[in-house]
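J.: If it helps, the file is called target.pdb and holds PDB, C-alpha atoms:
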```pdb
ATOM      1  CA  MET A   1     135.282 153.988  42.941
ATOM      2  CA  SER A   2     132.319 152.161  44.493
ATOM      3  CA  ASN A   3     134.635 149.419  45.816
ATOM      4  CA  ARG A   4     136.859 152.007  47.485
ATOM      5  CA  LEU A   5     133.834 153.728  49.023
ATOM      6  CA  GLU A   6     132.529 150.414  50.315
ATOM      7  CA  ALA A   7     135.981 149.596  51.756
ATOM      8  CA  LEU A   8     136.076 152.973  53.521
ATOM      9  CA  ARG A   9     132.564 152.383  54.882
ATOM     10  CA  VAL A  10     133.655 148.993  56.228
ATOM     11  CA  PHE A  11     136.808 150.539  57.708
ATOM     12  CA  PHE A  12     135.200 153.369  59.666
ATOM     13  CA  THR A  13     132.512 150.990  60.917
ATOM     14  CA  ALA A  14     135.316 148.741  62.183
ATOM     15  CA  ALA A  15     136.994 151.786  63.720
ATOM     16  CA  ASP A  16     133.825 152.529  65.728
ATOM     17  CA  ALA A  17     133.247 148.917  66.802
ATOM     18  CA  ALA A  18     134.850 146.963  69.625
ATOM     19  CA  ASN A  19     136.242 144.407  67.166
ATOM     20  CA  PHE A  20     135.899 143.188  63.583
ATOM     21  CA  ARG A  21     133.197 140.673  64.566
ATOM     22  CA  GLU A  22     130.988 143.450  65.964
ATOM     23  CA  ALA A  23     131.604 145.525  62.828
ATOM     24  CA  ALA A  24     130.571 142.540  60.696
ATOM     25  CA  VAL A  25     127.295 142.242  62.614
ATOM     26  CA  ARG A  26     126.579 145.967  62.109
ATOM     27  CA  LEU A  27     127.255 145.647  58.381
ATOM     28  CA  SER A  28     125.496 142.247  58.012
ATOM     29  CA  VAL A  29     128.612 140.719  56.458
ATOM     30  CA  SER A  30     131.053 138.035  57.592
ATOM     31  CA  PRO A  31     134.112 138.987  59.718
ATOM     32  CA  GLN A  32     136.274 137.843  56.780
ATOM     33  CA  VAL A  33     134.784 140.614  54.606
ATOM     34  CA  VAL A  34     135.807 143.220  57.211
ATOM     35  CA  THR A  35     139.293 141.753  57.582
ATOM     36  CA  ARG A  36     139.805 141.654  53.811
ATOM     37  CA  ALA A  37     138.588 145.244  53.274
ATOM     38  CA  VAL A  38     140.908 146.584  55.982
ATOM     39  CA  ARG A  39     143.876 144.597  54.657
ATOM     40  CA  GLU A  40     143.306 145.829  51.085
ATOM     41  CA  LEU A  41     143.092 149.450  52.290
ATOM     42  CA  GLU A  42     146.340 149.034  54.230
ATOM     43  CA  GLU A  43     148.074 147.599  51.160
ATOM     44  CA  GLU A  44     146.797 150.402  48.906
ATOM     45  CA  LEU A  45     147.657 153.192  51.359
ATOM     46  CA  GLY A  46     150.941 151.649  52.507
ATOM     47  CA  GLU A  47     150.121 152.332  56.167
ATOM     48  CA  PRO A  48     148.827 150.098  58.984
ATOM     49  CA  LEU A  49     145.333 151.127  60.130
ATOM     50  CA  PHE A  50     145.180 148.889  63.208
ATOM     51  CA  HIS A  51     147.664 147.531  65.722
ATOM     52  CA  ARG A  52     147.097 143.763  66.032
ATOM     53  CA  SER A  53     147.784 141.884  69.254
ATOM     54  CA  THR A  54     146.506 138.859  71.135
ATOM     55  CA  ARG A  55     144.131 141.221  72.978
ATOM     56  CA  GLY A  56     142.497 142.429  69.756
ATOM     57  CA  VAL A  57     142.941 145.368  67.374
ATOM     58  CA  GLN A  58     143.452 149.071  68.069
ATOM     59  CA  LEU A  59     143.500 152.019  65.677
ATOM     60  CA  THR A  60     146.855 153.502  64.713
ATOM     61  CA  ASP A  61     147.214 157.303  64.652
ATOM     62  CA  PHE A  62     147.039 157.164  60.865
ATOM     63  CA  GLY A  63     143.966 154.946  61.090
ATOM     64  CA  ARG A  64     142.235 157.374  63.470
ATOM     65  CA  GLN A  65     142.826 160.309  61.114
ATOM     66  CA  LEU A  66     141.673 158.288  58.101
ATOM     67  CA  ALA A  67     138.505 157.145  59.876
ATOM     68  CA  GLU A  68     137.468 160.765  60.509
ATOM     69  CA  ARG A  69     138.135 161.757  56.894
ATOM     70  CA  ALA A  70     136.405 158.604  55.571
ATOM     71  CA  ARG A  71     133.202 159.393  57.498
ATOM     72  CA  VAL A  72     133.079 162.857  55.969
ATOM     73  CA  ALA A  73     133.943 161.630  52.462
ATOM     74  CA  VAL A  74     131.464 158.744  52.395
ATOM     75  CA  GLY A  75     128.791 160.891  54.030
ATOM     76  CA  GLY A  76     129.253 163.503  51.325
ATOM     77  CA  VAL A  77     128.832 160.945  48.559
ATOM     78  CA  ASP A  78     125.738 159.511  50.297
ATOM     79  CA  ASP A  79     124.255 163.023  50.435
ATOM     80  CA  LEU A  80     124.660 163.385  46.667
ATOM     81  CA  PHE A  81     122.375 160.423  46.148
ATOM     82  CA  HIS A  82     119.934 161.199  48.953
ATOM     83  CA  ARG A  83     116.502 162.001  47.536
ATOM     84  CA  THR A  84     114.561 164.751  49.235
ATOM     85  CA  ASP A  85     111.384 164.382  47.184
ATOM     86  CA  ARG A  86     109.165 162.048  49.204
ATOM     87  CA  ARG A  87     107.146 161.177  46.124
ATOM     88  CA  ALA A  88     110.245 159.956  44.299
ATOM     89  CA  PRO A  89     111.546 156.390  44.646
ATOM     90  CA  SER A  90     113.651 156.001  47.786
ATOM     91  CA  GLN A  91     117.353 155.090  47.841
ATOM     92  CA  HIS A  92     116.071 151.529  48.398
ATOM     93  CA  ALA A  93     114.192 151.408  45.076
ATOM     94  CA  GLY A  94     114.501 148.152  43.166
ATOM     95  CA  THR A  95     113.495 144.510  43.455
ATOM     96  CA  VAL A  96     114.540 142.199  46.281
ATOM     97  CA  ARG A  97     113.988 138.503  45.583
ATOM     98  CA  VAL A  98     113.173 136.415  48.663
ATOM     99  CA  THR A  99     112.544 132.686  48.948
ATOM    100  CA  ALA A 100     110.721 131.199  51.933
ATOM    101  CA  PRO A 101     108.805 128.047  52.830
ATOM    102  CA  GLY A 102     105.032 128.249  52.583
ATOM    103  CA  ILE A 103     104.433 128.499  56.317
ATOM    104  CA  PHE A 104     106.173 131.915  56.262
ATOM    105  CA  GLY A 105     105.686 132.952  52.645
ATOM    106  CA  ARG A 106     101.945 132.556  52.171
ATOM    107  CA  ARG A 107     100.820 134.936  54.909
ATOM    108  CA  LEU A 108     103.393 136.054  57.478
ATOM    109  CA  ILE A 109     106.065 137.665  55.285
ATOM    110  CA  PRO A 110     103.724 139.710  53.014
ATOM    111  CA  GLN A 111     101.814 141.002  56.052
ATOM    112  CA  ALA A 112     104.901 141.673  58.175
ATOM    113  CA  LEU A 113     106.829 143.506  55.425
ATOM    114  CA  ALA A 114     103.862 145.537  54.131
ATOM    115  CA  PRO A 115     104.541 148.618  56.353
ATOM    116  CA  MET A 116     108.203 148.726  55.305
ATOM    117  CA  LEU A 117     107.314 148.359  51.606
ATOM    118  CA  ALA A 118     104.731 151.146  51.884
ATOM    119  CA  ALA A 119     107.347 153.411  53.492
ATOM    120  CA  HIS A 120     109.841 152.932  50.632
ATOM    121  CA  PRO A 121     108.365 153.844  47.230
ATOM    122  CA  GLY A 122     109.918 151.846  44.439
ATOM    123  CA  LEU A 123     110.981 148.936  46.658
ATOM    124  CA  VAL A 124     109.468 145.732  45.237
ATOM    125  CA  LEU A 125     109.341 142.372  47.034
ATOM    126  CA  ASP A 126     109.587 139.359  44.697
ATOM    127  CA  LEU A 127     108.607 136.451  46.982
ATOM    128  CA  ARG A 128     109.107 132.865  45.811
ATOM    129  CA  VAL A 129     107.364 130.270  47.998
ATOM    130  CA  SER A 130     109.166 126.931  48.038
ATOM    131  CA  GLU A 131     109.871 124.174  50.543
ATOM    132  CA  GLU A 132     113.215 123.522  48.870
ATOM    133  CA  HIS A 133     116.440 125.231  49.893
ATOM    134  CA  ALA A 134     117.052 127.725  47.090
ATOM    135  CA  ASP A 135     120.593 128.368  45.907
ATOM    136  CA  VAL A 136     120.748 132.138  46.253
ATOM    137  CA  VAL A 137     123.686 132.389  43.872
ATOM    138  CA  ASP A 138     122.415 130.194  41.008
ATOM    139  CA  GLN A 139     118.790 131.337  41.218
ATOM    140  CA  GLN A 140     119.628 135.045  41.732
ATOM    141  CA  ILE A 141     117.793 135.067  45.063
ATOM    142  CA  ASP A 142     118.825 137.924  47.349
ATOM    143  CA  ILE A 143     117.534 136.544  50.669
ATOM    144  CA  GLY A 144     116.298 133.171  51.876
ATOM    145  CA  VAL A 145     114.411 131.869  54.904
ATOM    146  CA  ARG A 146     115.128 128.270  55.879
ATOM    147  CA  VAL A 147     113.945 125.894  58.564
ATOM    148  CA  GLY A 148     116.616 123.329  59.436
ATOM    149  CA  PRO A 149     120.417 123.180  59.382
ATOM    150  CA  LEU A 150     122.309 125.682  57.225
ATOM    151  CA  ARG A 151     125.992 124.905  56.787
ATOM    152  CA  ASP A 152     127.276 126.814  53.774
ATOM    153  CA  ALA A 153     130.181 129.243  54.031
ATOM    154  CA  ARG A 154     128.856 131.203  51.018
ATOM    155  CA  PHE A 155     125.994 132.569  53.126
ATOM    156  CA  VAL A 156     125.671 135.208  55.807
ATOM    157  CA  ALA A 157     123.063 133.580  58.055
ATOM    158  CA  ARG A 158     121.309 134.806  61.191
ATOM    159  CA  PRO A 159     119.313 132.446  63.460
ATOM    160  CA  VAL A 160     115.916 133.982  64.237
ATOM    161  CA  GLY A 161     114.231 131.254  66.267
ATOM    162  CA  LYS A 162     113.393 127.570  66.487
ATOM    163  CA  MET A 163     110.493 125.447  65.275
ATOM    164  CA  ALA A 164     109.263 122.389  67.146
ATOM    165  CA  LEU A 165     107.877 119.221  65.571
ATOM    166  CA  HIS A 166     104.718 117.615  66.990
ATOM    167  CA  VAL A 167     103.125 114.217  66.364
ATOM    168  CA  VAL A 168      99.394 114.968  66.367
ATOM    169  CA  ALA A 169      95.997 113.557  65.526
ATOM    170  CA  ALA A 170      92.330 114.520  65.659
ATOM    171  CA  PRO A 171      90.661 113.686  69.021
ATOM    172  CA  ALA A 172      88.109 111.422  67.294
ATOM    173  CA  LEU A 173      90.892 109.324  65.753
ATOM    174  CA  VAL A 174      92.727 109.038  69.073
ATOM    175  CA  ALA A 175      89.466 107.980  70.769
ATOM    176  CA  ARG A 176      89.140 105.190  68.195
ATOM    177  CA  THR A 177      92.766 103.957  68.117
ATOM    178  CA  GLY A 178      93.976 104.809  71.596
ATOM    179  CA  VAL A 179      97.073 106.837  72.494
ATOM    180  CA  PRO A 180     100.328 105.292  71.197
ATOM    181  CA  LYS A 181     102.925 105.078  73.957
ATOM    182  CA  LYS A 182     105.868 103.937  71.828
ATOM    183  CA  LEU A 183     107.111 104.381  68.261
ATOM    184  CA  ASP A 184     106.224 100.777  67.404
ATOM    185  CA  ALA A 185     102.630 101.412  68.448
ATOM    186  CA  LEU A 186     102.510 104.576  66.311
ATOM    187  CA  ALA A 187     103.804 102.663  63.279
ATOM    188  CA  ALA A 188     100.782 100.340  63.458
ATOM    189  CA  LEU A 189      98.277 103.238  63.320
ATOM    190  CA  PRO A 190      97.011 105.248  60.286
ATOM    191  CA  LEU A 191      99.732 107.731  59.259
ATOM    192  CA  THR A 192      99.862 110.502  56.689
ATOM    193  CA  ALA A 193     102.890 110.836  54.421
ATOM    194  CA  LEU A 194     104.510 114.088  53.281
ATOM    195  CA  ILE A 195     106.428 113.630  50.030
ATOM    196  CA  ASP A 196     109.933 115.035  49.605
ATOM    197  CA  ARG A 197     109.603 116.671  46.170
ATOM    198  CA  ARG A 198     113.272 116.139  45.366
ATOM    199  CA  SER A 199     113.315 112.389  45.985
ATOM    200  CA  GLY A 200     109.632 111.559  45.479
ATOM    201  CA  ARG A 201     109.670 109.547  48.715
ATOM    202  CA  PRO A 202     107.913 110.276  52.025
ATOM    203  CA  TRP A 203     109.828 112.166  54.672
ATOM    204  CA  PRO A 204     110.474 109.995  57.748
ATOM    205  CA  LEU A 205     109.074 111.022  61.128
ATOM    206  CA  ILE A 206     112.021 111.994  63.326
ATOM    207  CA  PHE A 207     112.382 111.614  67.080
ATOM    208  CA  SER A 208     114.878 112.193  69.872
ATOM    209  CA  LYS A 209     118.174 110.261  69.984
ATOM    210  CA  GLY A 210     118.299 110.140  66.184
ATOM    211  CA  ARG A 211     115.401 107.718  65.842
ATOM    212  CA  GLN A 212     113.263 107.716  62.678
ATOM    213  CA  LEU A 213     110.014 106.126  61.612
ATOM    214  CA  MET A 214     109.482 105.455  57.912
ATOM    215  CA  VAL A 215     105.910 105.759  56.638
ATOM    216  CA  THR A 216     105.493 102.596  54.557
ATOM    217  CA  SER A 217     101.690 102.193  54.358
ATOM    218  CA  PRO A 218     100.227 105.709  54.526
ATOM    219  CA  ALA A 219      96.530 106.433  54.885
ATOM    220  CA  PHE A 220      96.979 109.748  53.025
ATOM    221  CA  VAL A 221      99.792 111.073  50.813
ATOM    222  CA  THR A 222     100.569 114.655  49.752
ATOM    223  CA  ASP A 223     103.488 116.921  48.923
ATOM    224  CA  ASP A 224     101.944 119.965  50.625
ATOM    225  CA  PHE A 225     102.155 120.903  54.331
ATOM    226  CA  ASP A 226      98.728 122.545  54.419
ATOM    227  CA  ALA A 227      97.024 119.586  52.715
ATOM    228  CA  GLU A 228      98.590 117.194  55.225
ATOM    229  CA  CYS A 229      97.383 119.366  58.103
ATOM    230  CA  ALA A 230      93.860 119.381  56.631
ATOM    231  CA  ALA A 231      93.906 115.582  56.369
ATOM    232  CA  VAL A 232      94.976 115.239  59.999
ATOM    233  CA  LEU A 233      92.242 117.636  61.116
ATOM    234  CA  ALA A 234      89.767 115.466  59.186
ATOM    235  CA  GLY A 235      90.880 112.429  61.184
ATOM    236  CA  LEU A 236      92.609 110.565  58.341
ATOM    237  CA  GLY A 237      95.768 109.791  60.304
ATOM    238  CA  PHE A 238      98.499 110.708  62.738
ATOM    239  CA  ALA A 239     101.205 113.051  61.408
ATOM    240  CA  GLN A 240     104.301 114.946  62.448
ATOM    241  CA  LEU A 241     103.633 118.632  61.766
ATOM    242  CA  ILE A 242     105.873 121.663  62.174
ATOM    243  CA  GLY A 243     105.053 123.861  65.138
ATOM    244  CA  ALA A 244     103.745 126.823  63.170
ATOM    245  CA  LEU A 245     101.081 124.579  61.621
ATOM    246  CA  ALA A 246     100.228 122.385  64.602
ATOM    247  CA  GLU A 247     100.333 124.763  67.565
ATOM    248  CA  PRO A 248      97.212 126.871  66.804
ATOM    249  CA  TRP A 249      95.181 123.635  66.451
ATOM    250  CA  LEU A 250      96.707 122.173  69.605
ATOM    251  CA  GLU A 251      95.707 125.300  71.522
ATOM    252  CA  SER A 252      92.122 125.104  70.223
ATOM    253  CA  GLY A 253      91.849 121.381  70.953
ATOM    254  CA  ALA A 254      91.200 120.459  67.308
ATOM    255  CA  LEU A 255      94.385 118.339  67.462
ATOM    256  CA  VAL A 256      95.992 116.472  70.366
ATOM    257  CA  PRO A 257      99.688 115.682  70.782
ATOM    258  CA  VAL A 258     101.164 112.216  71.315
ATOM    259  CA  LEU A 259     104.664 110.939  72.130
ATOM    260  CA  GLU A 260     105.763 114.391  73.301
ATOM    261  CA  ALA A 261     108.537 112.895  75.440
ATOM    262  CA  ASP A 262     110.086 111.501  72.240
ATOM    263  CA  ALA A 263     110.050 114.795  70.298
ATOM    264  CA  PRO A 264     113.295 115.759  68.518
ATOM    265  CA  GLU A 265     115.214 118.959  69.163
ATOM    266  CA  PRO A 266     113.444 121.954  67.568
ATOM    267  CA  TRP A 267     114.744 122.949  64.140
ATOM    268  CA  PRO A 268     116.579 126.291  63.807
ATOM    269  CA  ILE A 269     115.106 129.014  61.579
ATOM    270  CA  TYR A 270     117.569 131.127  59.572
ATOM    271  CA  VAL A 271     117.455 134.239  57.427
ATOM    272  CA  TYR A 272     120.377 134.087  55.004
ATOM    273  CA  ARG A 273     121.890 135.884  52.035
ATOM    274  CA  SER A 274     124.905 135.591  49.798
ATOM    275  CA  GLN A 275     128.259 136.952  50.959
ATOM    276  CA  ARG A 276     128.736 138.757  47.651
ATOM    277  CA  ALA A 277     129.586 142.444  48.161
ATOM    278  CA  PRO A 278     128.739 145.242  48.086
ATOM    279  CA  VAL A 279     125.287 144.571  49.510
ATOM    280  CA  PRO A 280     122.645 146.879  47.948
ATOM    281  CA  ALA A 281     120.885 149.083  50.493
ATOM    282  CA  ARG A 282     117.496 147.599  49.560
ATOM    283  CA  VAL A 283     118.730 144.042  50.253
ATOM    284  CA  ARG A 284     120.218 145.066  53.598
ATOM    285  CA  LEU A 285     116.936 146.793  54.515
ATOM    286  CA  VAL A 286     114.760 143.750  53.749
ATOM    287  CA  TYR A 287     117.287 141.367  55.346
ATOM    288  CA  ASP A 288     117.309 143.318  58.630
ATOM    289  CA  GLU A 289     113.506 143.667  58.647
ATOM    290  CA  LEU A 290     112.984 139.948  58.014
ATOM    291  CA  ILE A 291     115.261 139.139  60.953
ATOM    292  CA  ARG A 292     113.282 141.529  63.143
ATOM    293  CA  VAL A 293     109.793 140.283  62.234
ATOM    294  CA  LEU A 294     110.654 136.555  62.308
ATOM    295  CA  ARG A 295     112.169 136.886  65.758
TER     296      ARG A 295
END
```
Output the structure of this file as structure tokens.
T.:
Amino acid sequence: MSNRLEALRVFFTAADAANFREAAVRLSVSPQVVTRAVRELEEELGEPLFHRSTRGVQLTDFGRQLAERARVAVGGVDDLFHRTDRRAPSQHAGTVRVTAPGIFGRRLIPQALAPMLAAHPGLVLDLRVSEEHADVVDQQIDIGVRVGPLRDARFVARPVGKMALHVVAAPALVARTGVPKKLDALAALPLTALIDRRSGRPWPLIFSKGRQLMVTSPAFVTDDFDAECAAVLAGLGFAQLIGALAEPWLESGALVPVLEADAPEPWPIYVYRSQRAPVPARVRLVYDELIRVLR
């Protein structure tokens, strides 16, 4: 029953949209989910719901009549489960598990989602802070936030912004060593190393045109972004920091940038979730709100 209701919901959303891609955006699913739901309804009902052509899709007469009846039917079922008691848990009650890197998870996400959580009694945010890309399927994560490329067809992903990378140092260190003009000059200066927890090796510094600089003799080593930033502020070495960490200190003058002309392309930031359906209302709510606040 629930699968049929979800298929009808997908169908009348597609009927109201300009095309299946727009319907997919409204529903926060992939276009393939919309196409599959419509096809399965057509096979079950034995009637075409849309005329297909090279110009797009258009409702059939049968499809138009079904869309009107589906809105009423699904709306009636939704009303049965709509809670009128404001003190009772909302229709979004339940736990939503989110994974995010520390730069977002330690402060921004709890603060940004607090008003929404307060407005929906019974909705619980389970936030797991990790720099690693969590497998939402294997680890039963509902939603993830990731900085960097995301190429996995199992996910519905929305880009929400970009994050720059800056090579920085404390002014006192730069006054002592001078400003490096080239990558070779930077390699000869004190550098901090950020450890990749999966490999146990330092991440390379990356630059435009695919160039990399391996940190072979670090002045400070850590596996934590915040600890590396603290070491750079203390003048222990030059480092490449993500924009969200470096930019407040650059604005205050506590850090200075170097080699800006060699900076790589900013990394994309994504909010993603599994394509598994149906999507619980609470997951859709948190997913949409995360996209809004991170933008």
J.: Tell me which of A:Ala7, A:Ile291, A:Val33, A:Ala230 sits closest to Tyr270 (chain A), counting all atoms listed in the file.
T.: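 Using all atoms listed in the file, Tyr270 (chain A) sits closest to A:Ile291.
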J.: Name the residues in contact with Val232 (chain A) at a cut-off of 9 Å, using only C-alpha atoms, excluding same-chain residues fewer than 2 positions from it; report them as a compact mmCIF listing (two decimals) with C-alpha atoms, keeping the file's coordinate frame.
T.:
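Contents of result-v9.txt, freshly written:
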```
# COMPACT_ATOMS: atom_id res chain seq x y z
CA VAL A 168 99.39 114.97 66.37
CA ALA A 169 96.00 113.56 65.53
CA ALA A 170 92.33 114.52 65.66
CA LEU A 191 99.73 107.73 59.26
CA THR A 192 99.86 110.50 56.69
CA ALA A 227 97.02 119.59 52.72
CA GLU A 228 98.59 117.19 55.22
CA CYS A 229 97.38 119.37 58.10
CA ALA A 230 93.86 119.38 56.63
CA ALA A 234 89.77 115.47 59.19
CA GLY A 235 90.88 112.43 61.18
CA LEU A 236 92.61 110.56 58.34
CA GLY A 237 95.77 109.79 60.30
CA PHE A 238 98.50 110.71 62.74
CA ALA A 239 101.20 113.05 61.41
CA LEU A 255 94.38 118.34 67.46
```
J.: How far is it from CA of Asp126 (chain A) to CA of Gly161 (chain A), in Å with one decimal?
T.: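 If I compute the distance from CA of Asp126 (chain A) to CA of Gly161 (chain A), I get 23.5 Å.
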J.: On this file, the PyMOL selection byres ((chain A and resi 184) around 12) gives some set of residues; write that set as a VMD selection string.
T.: chain A and resid 180 to 183 185 to 189 211 to 215 259
J.: Pick out the closest residue to Val57 (chain A) from this set: A:His92, A:Arg21, A:Arg69, A:Arg158. Count only C-alpha atoms.
T.: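 Among A:His92, A:Arg21, A:Arg69, A:Arg158, it is A:Arg21 that comes nearest to Val57 (chain A).
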J.: Find, counting all atoms listed in the file, the residue in A:Val179, A:Gly94, A:Arg276, A:Val293 that gets nearest to Val258 (chain A).
T.: A:Val179
J.: Please indicate the distance in Å from CA of Gly122 (chain A) to CA of Thr95 (chain A), rounded to one decimal place.
T.: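 So the answer is 8.2 Å.
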J.: Using only C-alpha atoms, which residue out of A:Ala112, A:Leu205, A:Val129, A:Ile195 lies closest to Val286 (chain A)?
T.: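 Among A:Ala112, A:Leu205, A:Val129, A:Ile195, it is A:Ala112 that comes nearest to Val286 (chain A).
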J.: Could you check the closest approach to Ala244 (chain A) for each of A:Ile103, A:Val34, A:Leu125, A:Leu5 and tell me which residue wins, using only C-alpha atoms?
T.: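 Of the candidates, the smallest distance to Ala244 (chain A) is held by A:Ile103.
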J.: Just checking: using all atoms listed in the file, which residue out of A:Leu165, A:Ala14, A:Val74, A:Leu45 ends up closest to Glu265 (chain A)?
T.: A:Leu165
J.: Would you kindly translate the PyMOL selection byres ((chain A and resi 38) around 8) into the concrete residues it picks from this file, as an MDAnalysis selection string?
T.: chainID A and resid 7 10:11 34:37 39:42 49
J.: Have a look at CA of Ala219 (chain A) and CA of Leu173 (chain A) and let me know their distance in Å, one decimal.
T.: 12.6 Å
J.: On this structure, the PyMOL selection byres ((chain A and resi 194) around 6) would catch which residues? List them as a ChimeraX atom specification, sorted by chain and number.
T.: /A:193,195,202-203,222-223
J.: Give the padded box for region 104-110 of chain A as AutoDock Vina command-line options: axis-aligned, covering all atoms listed in the file, 4 Å on each side, centre and edge lengths in Å to one decimal.
T.:
```
--center_x 103.5 --center_y 135.8 --center_z 54.8 --size_x 13.4 --size_y 15.8 --size_z 13.3
```
J.: What would the file be for region 231-268 of chain A if you keep C-alpha atoms and write it as a CSV table (one decimal), in the first residue's frame?
T.:
```csv
chain,number,residue,atom,x,y,z
A,231,ALA,CA,50.1,25.0,15.3
A,232,VAL,CA,50.1,27.4,12.3
A,233,LEU,CA,48.8,30.3,14.5
A,234,ALA,CA,51.6,29.5,16.9
A,235,GLY,CA,54.1,30.0,14.2
A,236,LEU,CA,55.3,26.3,13.9
A,237,GLY,CA,55.0,26.2,10.1
A,238,PHE,CA,53.4,26.9,6.9
A,239,ALA,CA,50.2,24.9,6.1
A,240,GLN,CA,47.5,24.5,3.5
A,241,LEU,CA,44.2,25.0,5.4
A,242,ILE,CA,40.6,24.8,4.2
A,243,GLY,CA,38.9,28.1,3.7
A,244,ALA,CA,36.4,27.8,6.6
A,245,LEU,CA,39.4,27.4,9.0
A,246,ALA,CA,41.8,29.9,7.4
A,247,GLU,CA,39.6,32.8,6.3
A,248,PRO,CA,38.6,34.2,9.7
A,249,TRP,CA,42.3,34.3,10.7
A,250,LEU,CA,43.3,35.9,7.3
A,251,GLU,CA,40.7,38.6,7.8
A,252,SER,CA,42.0,39.4,11.3
A,253,GLY,CA,45.6,39.4,10.2
A,254,ALA,CA,46.6,36.5,12.5
A,255,LEU,CA,47.6,34.5,9.4
A,256,VAL,CA,48.9,35.7,6.0
A,257,PRO,CA,48.5,34.0,2.7
A,258,VAL,CA,51.3,32.9,0.3
A,259,LEU,CA,51.4,31.5,-3.2
A,260,GLU,CA,47.8,32.6,-3.9
A,261,ALA,CA,48.4,32.6,-7.6
A,262,ASP,CA,49.1,28.9,-7.4
A,263,ALA,CA,45.9,27.9,-5.4
A,264,PRO,CA,43.9,25.0,-6.8
A,265,GLU,CA,40.3,25.1,-7.8
A,266,PRO,CA,38.0,25.3,-4.8
A,267,TRP,CA,36.6,22.0,-3.6
A,268,PRO,CA,32.8,21.5,-4.0
```
